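So this one's input36.cif, mmCIF, C-alpha atoms:
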data_input
loop_
_atom_site.label_atom_id
_atom_site.label_comp_id
_atom_site.auth_asym_id
_atom_site.auth_seq_id
_atom_site.Cartn_x
_atom_site.Cartn_y
_atom_site.Cartn_z
CA MET Z 786 40.11 33.93 4.94
CA PRO Z 787 37.45 31.66 6.56
CA PRO Z 788 38.47 28.05 7.23
CA GLN Z 789 37.48 25.38 4.72
CA VAL Z 790 34.81 22.89 5.74
CA TRP Z 791 35.15 19.41 4.28
CA ARG Z 792 32.03 17.30 4.25
CA VAL Z 793 31.99 13.52 4.16
CA THR Z 794 28.83 12.09 2.63
CA CYS Z 795 30.02 8.52 2.20
CA GLY Z 796 33.34 6.81 1.80
CA SER Z 797 36.42 8.82 2.65
CA VAL Z 798 37.75 12.30 2.09
CA ASP Z 799 41.02 12.93 0.28
CA ARG Z 800 43.35 14.34 2.96
CA ASN Z 801 45.50 15.96 0.28
CA THR Z 802 42.69 18.14 -1.12
CA PRO Z 803 43.39 21.19 1.08
CA GLN Z 804 47.11 21.10 0.28
CA ARG Z 805 46.42 20.57 -3.41
CA ASP Z 806 44.09 23.60 -3.43
CA GLY Z 807 46.54 25.71 -1.40
CA LYS Z 808 44.16 25.98 1.57
CA THR Z 809 44.18 24.98 5.21
CA SER Z 810 41.61 22.54 6.55
CA THR Z 811 40.62 23.25 10.15
CA MET Z 812 37.37 21.30 10.32
CA PHE Z 813 35.21 18.76 8.59
CA GLY Z 814 31.64 17.55 8.86
CA PHE Z 815 29.57 14.44 8.34
CA MET Z 816 26.27 14.53 6.46
CA LEU Z 817 25.11 11.00 7.13
CA GLY Z 818 21.54 11.55 8.29
CA LEU Z 819 20.07 11.79 11.76
CA SER Z 820 21.53 8.50 12.95
CA HIS Z 821 24.62 6.70 11.68
CA PRO Z 822 27.19 4.40 13.30
CA ALA Z 823 29.87 7.07 12.78
CA TYR Z 824 28.07 9.35 15.25
CA GLU Z 825 28.02 6.60 17.87
CA ALA Z 826 31.69 5.78 17.31
CA LEU Z 827 32.76 9.42 17.70
CA THR Z 828 30.38 10.36 20.57
CA ASP Z 829 32.52 12.83 22.57
CA SER Z 830 34.87 13.60 19.67
CA VAL Z 831 32.27 15.52 17.66
CA PRO Z 832 32.05 19.07 19.04
CA SER Z 833 28.59 19.89 17.72
CA VAL Z 834 25.62 18.40 15.96
CA ARG Z 835 23.58 20.43 13.55
CA GLU Z 836 19.98 19.27 13.19
CA PRO Z 837 18.63 18.98 9.63
CA TYR Z 838 17.23 22.20 8.24
CA ALA Z 839 13.57 22.44 7.22
CA TRP Z 840 13.04 24.41 4.04
CA TYR Z 841 9.90 26.52 3.77
CA ILE Z 842 8.62 25.05 0.51
CA ARG Z 843 5.22 25.67 -1.03
CA VAL Z 844 3.68 23.95 -4.04
CA PRO Z 845 1.35 26.10 -6.17
CA ASP Z 846 -0.32 23.08 -7.89
CA LEU Z 847 -0.19 20.07 -5.55
CA PRO Z 848 -2.08 17.64 -7.84
CA ALA Z 849 0.35 18.43 -10.70
CA PHE Z 850 3.32 17.93 -8.38
CA ILE Z 851 1.98 14.56 -7.13
CA ARG Z 852 1.46 13.50 -10.77
CA HIS Z 853 5.06 14.56 -11.45
CA ILE Z 854 6.40 12.28 -8.68
CA LYS Z 855 4.03 9.44 -9.67
CA PRO Z 856 6.86 7.02 -10.62
CA ALA Z 857 8.45 7.36 -7.16
CA LEU Z 858 5.10 6.86 -5.41
CA GLU Z 859 4.30 3.75 -7.48
CA LYS Z 860 7.78 2.35 -6.79
CA ARG Z 861 7.33 2.87 -3.04
CA LEU Z 862 4.00 1.03 -3.19
CA ALA Z 863 5.48 -1.81 -5.24
CA GLU Z 864 8.25 -2.32 -2.66
CA SER Z 865 5.93 -2.25 0.34
CA ILE Z 866 3.33 -4.34 2.14
CA ALA Z 867 0.70 -2.42 0.12
CA VAL Z 868 1.91 -3.79 -3.23
CA GLY Z 869 -0.96 -3.78 -5.74
CA TYR Z 870 -3.13 -1.44 -3.65
CA SER Z 871 -6.43 -0.39 -5.23
CA GLY Z 872 -8.52 2.33 -3.64
CA THR Z 873 -8.85 6.02 -2.94
CA LEU Z 874 -6.83 8.15 -0.56
CA SER Z 875 -8.74 11.36 0.20
CA LEU Z 876 -6.76 13.99 2.10
CA SER Z 877 -8.49 16.92 3.73
CA PHE Z 878 -6.65 20.18 4.28
CA TYR Z 879 -9.87 21.44 5.90
CA ARG Z 880 -10.68 24.08 3.24
CA ASP Z 881 -9.67 21.99 0.28
CA GLY Z 882 -8.09 18.62 -0.29
CA LEU Z 883 -6.46 16.09 -2.55
CA ARG Z 884 -7.84 12.80 -3.82
CA MET Z 885 -5.54 10.07 -5.17
CA VAL Z 886 -7.02 7.00 -6.88
CA PHE Z 887 -4.93 3.84 -7.19
CA ASP Z 888 -5.59 0.72 -9.23
CA LYS Z 889 -3.38 -2.35 -8.76
CA GLY Z 890 -0.55 -0.20 -7.39
CA GLN Z 891 -0.76 2.38 -10.17
CA LEU Z 892 -1.73 5.99 -9.48
CA GLN Z 893 -4.67 6.52 -11.85
CA SER Z 894 -5.71 10.06 -10.95
CA VAL Z 895 -4.85 12.94 -8.66
CA GLU Z 896 -7.26 15.82 -8.28
CA SER Z 897 -8.22 18.68 -6.03
CA TRP Z 898 -11.15 17.82 -3.83
CA LYS Z 899 -13.57 19.55 -1.46
CA PRO Z 900 -13.58 17.73 1.90
CA ARG Z 901 -16.74 16.12 3.15
CA ASP Z 902 -17.01 13.40 5.74
CA GLU Z 903 -15.21 10.66 3.81
CA GLU Z 904 -11.56 11.72 4.17
CA SER Z 905 -8.83 9.14 4.75
CA ALA Z 906 -6.73 11.68 6.65
CA ALA Z 907 -6.70 15.36 7.50
CA PHE Z 908 -3.83 17.83 7.64
CA PRO Z 909 -4.23 21.39 8.95
CA GLY Z 910 -2.89 24.15 6.71
CA VAL Z 911 0.14 23.11 4.70
CA THR Z 912 1.40 20.46 7.13
CA PHE Z 913 0.98 17.73 4.49
CA LEU Z 914 3.91 19.27 2.61
CA GLN Z 915 6.16 18.29 5.53
CA MET Z 916 5.39 14.66 4.64
CA VAL Z 917 5.63 15.20 0.89
CA PHE Z 918 9.17 16.55 1.26
CA GLY Z 919 10.22 13.95 3.83
CA HIS Z 920 10.78 16.31 6.75
CA ARG Z 921 8.31 14.65 9.13
CA ASN Z 922 6.36 11.42 9.29
CA LEU Z 923 2.68 11.17 10.14
CA ASP Z 924 3.26 10.58 13.87
CA GLU Z 925 5.49 13.66 14.14
CA ILE Z 926 2.96 15.87 12.36
CA HIS Z 927 0.18 14.53 14.60
CA TYR Z 928 2.28 15.22 17.70
CA ALA Z 929 2.81 18.85 16.68
CA PHE Z 930 -0.70 19.30 15.23
CA PRO Z 931 -3.30 17.17 17.06
CA ASP Z 932 -5.92 18.06 14.42
CA CYS Z 933 -3.91 16.01 11.93
CA TYR Z 934 -5.50 12.56 11.94
CA TRP Z 935 -6.02 9.43 9.89
CA GLU Z 936 -9.22 7.46 9.57
CA ASN Z 937 -7.81 3.94 9.86
CA ASN Z 938 -4.69 1.78 9.79
CA LEU Z 939 -4.78 1.51 5.98
CA ALA Z 940 -4.61 5.29 5.53
CA TYR Z 941 -1.81 5.49 8.13
CA ARG Z 942 0.24 2.79 6.38
CA LEU Z 943 -0.33 4.21 2.89
CA LEU Z 944 0.70 7.72 3.86
CA ASN Z 945 3.89 6.52 5.54
CA ILE Z 946 4.71 4.28 2.55
CA LEU Z 947 4.05 6.95 -0.08
CA PHE Z 948 5.69 9.80 1.84
CA PRO Z 949 8.41 8.37 4.12
CA LYS Z 950 10.57 10.56 6.28
CA LYS Z 951 13.90 10.98 4.50
CA LEU Z 952 16.97 13.10 5.00
CA SER Z 953 17.34 15.72 2.31
CA ASP Z 954 19.75 18.54 1.78
CA VAL Z 955 19.93 21.32 -0.76
CA PHE Z 956 23.30 22.21 -2.23
CA PRO Z 957 23.88 25.34 -4.29
CA ILE Z 958 24.94 24.93 -7.89
CA SER Z 959 27.93 27.09 -8.62
#

Write-out of the structure in structure tokens:
Amino acid sequence: MPPQVWRVTCGSVDRNTPQRDGKTSTMFGFMLGLSHPAYEALTDSVPSVREPYAWYIRVPDLPAFIRHIKPALEKRLAESIAVGYSGTLSLSFYRDGLRMVFDKGQLQSVESWKPRDEESAAFPGVTFLQMVFGHRNLDEIHYAFPDCYWENNLAYRLLNILFPKKLSDVFPIS
């Protein structure tokens, strides 16, 4: 029988759980993000570190998905230095694109768009999805893909506010 793995996401783990379940606990793991004080405190005591996994996720209708997450995007704007932003964010994916129109911090419209010379930012291929799902920030995408760029500081700030890098994990439902 393989050993049980106990994960600590926050707080503490019940040390009696393995005994209660009639199993032996030989290891445990922390899922506290890329950096956490626990990692610094344990330095040499932690035998291995597993980097976050990047899921290969595609979105068949990106405008519909952005409209679906509209409340989260508006909340991020409201809690940022761009509170009340009005304007257009036009994203080029080189062959097609996405245009988001904001009015006083509210996302008014999201639509597919054919890139011209007025884009706010450009993302090669499907690299924008790495930002949408919080795997990479704009600087990291630009580092890996130099043809990812932003037109000005406003576009840079808006993209990082709307789509911040965040730890995510997918757990199976059983």

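Distance annotation: of Z:Pro949, Z:Pro909, Z:Gly872, Z:Gly919, the residue with the minimal separation from Z:Trp840 is Z:Gly919; atom set is all atoms listed in the file.
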
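For the pair atom CA of Z:Ala849 and atom CA of Z:Ile946, the interatomic distance is 19.9 Å.
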
Applied to the shown file, which residues does the PyMOL selection byres ((chain Z and resi 902) around 12) return, written as a ChimeraX atom specification? /Z:875-877,879,882,899-901,903-907,936

Centre and edges of the stretch 845-857 of chain Z box, axis-aligned, 6 Å extra per side, as lines of an AutoDock Vina configuration file:
center_x = 3.2
center_y = 16.6
center_z = -8.5
size_x = 22.5
size_y = 31.1
size_z = 17.9

Name the residues in contact with Z:Ala867 at a cut-off of 10 Å, using only C-alpha atoms, excluding same-chain residues fewer than 4 positions from it; report them as a PyMOL selection string. chain Z and resi 861-863+871+889-890+939+942-943+946-947

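Using the PyMOL selection byres ((chain Z and resi 922-925) around 10) on the file at hand returns these residues: Phe908, Thr912, Phe913, Gln915, Met916, Val917, Phe918, Gly919, His920, Arg921, Ile926, His927, Tyr928, Ala929, Phe930, Pro931, Cys933, Tyr934, Trp935, Tyr941, Arg942, Leu944, Asn945, Ile946, Phe948, Pro949, Lys950 and Lys951 of chain Z.
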
Include C-alpha atoms and write out the residues we just selected as a short mmCIF file (atom, residue, chain, number, x, y, z; two decimals), in the frame of the given file.
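Result saved to out_8.cif:
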data_model
loop_
_atom_site.label_atom_id
_atom_site.label_comp_id
_atom_site.auth_asym_id
_atom_site.auth_seq_id
_atom_site.Cartn_x
_atom_site.Cartn_y
_atom_site.Cartn_z
CA PHE Z 908 -3.83 17.83 7.64
CA THR Z 912 1.40 20.46 7.13
CA PHE Z 913 0.98 17.73 4.49
CA GLN Z 915 6.16 18.29 5.53
CA MET Z 916 5.39 14.66 4.64
CA VAL Z 917 5.63 15.20 0.89
CA PHE Z 918 9.17 16.55 1.26
CA GLY Z 919 10.22 13.95 3.83
CA HIS Z 920 10.78 16.31 6.75
CA ARG Z 921 8.31 14.65 9.13
CA ILE Z 926 2.96 15.87 12.36
CA HIS Z 927 0.18 14.53 14.60
CA TYR Z 928 2.28 15.22 17.70
CA ALA Z 929 2.81 18.85 16.68
CA PHE Z 930 -0.70 19.30 15.23
CA PRO Z 931 -3.30 17.17 17.06
CA CYS Z 933 -3.91 16.01 11.93
CA TYR Z 934 -5.50 12.56 11.94
CA TRP Z 935 -6.02 9.43 9.89
CA TYR Z 941 -1.81 5.49 8.13
CA ARG Z 942 0.24 2.79 6.38
CA LEU Z 944 0.70 7.72 3.86
CA ASN Z 945 3.89 6.52 5.54
CA ILE Z 946 4.71 4.28 2.55
CA PHE Z 948 5.69 9.80 1.84
CA PRO Z 949 8.41 8.37 4.12
CA LYS Z 950 10.57 10.56 6.28
CA LYS Z 951 13.90 10.98 4.50
#

Just to confirm, what's the straight-line distance from atom CA of Z:Arg884 to atom CA of Z:Glu896 in Å (one decimal)? 5.4 Å

Separation of atom CA of Z:Leu952 from atom CA of Z:Arg880 in Å: 29.8 Å

Under the PyMOL selection byres ((chain Z and resi 887) around 9), which residues of this model are included? Write them out as a PyMOL selection string. chain Z and resi 869-874+885-886+888-894
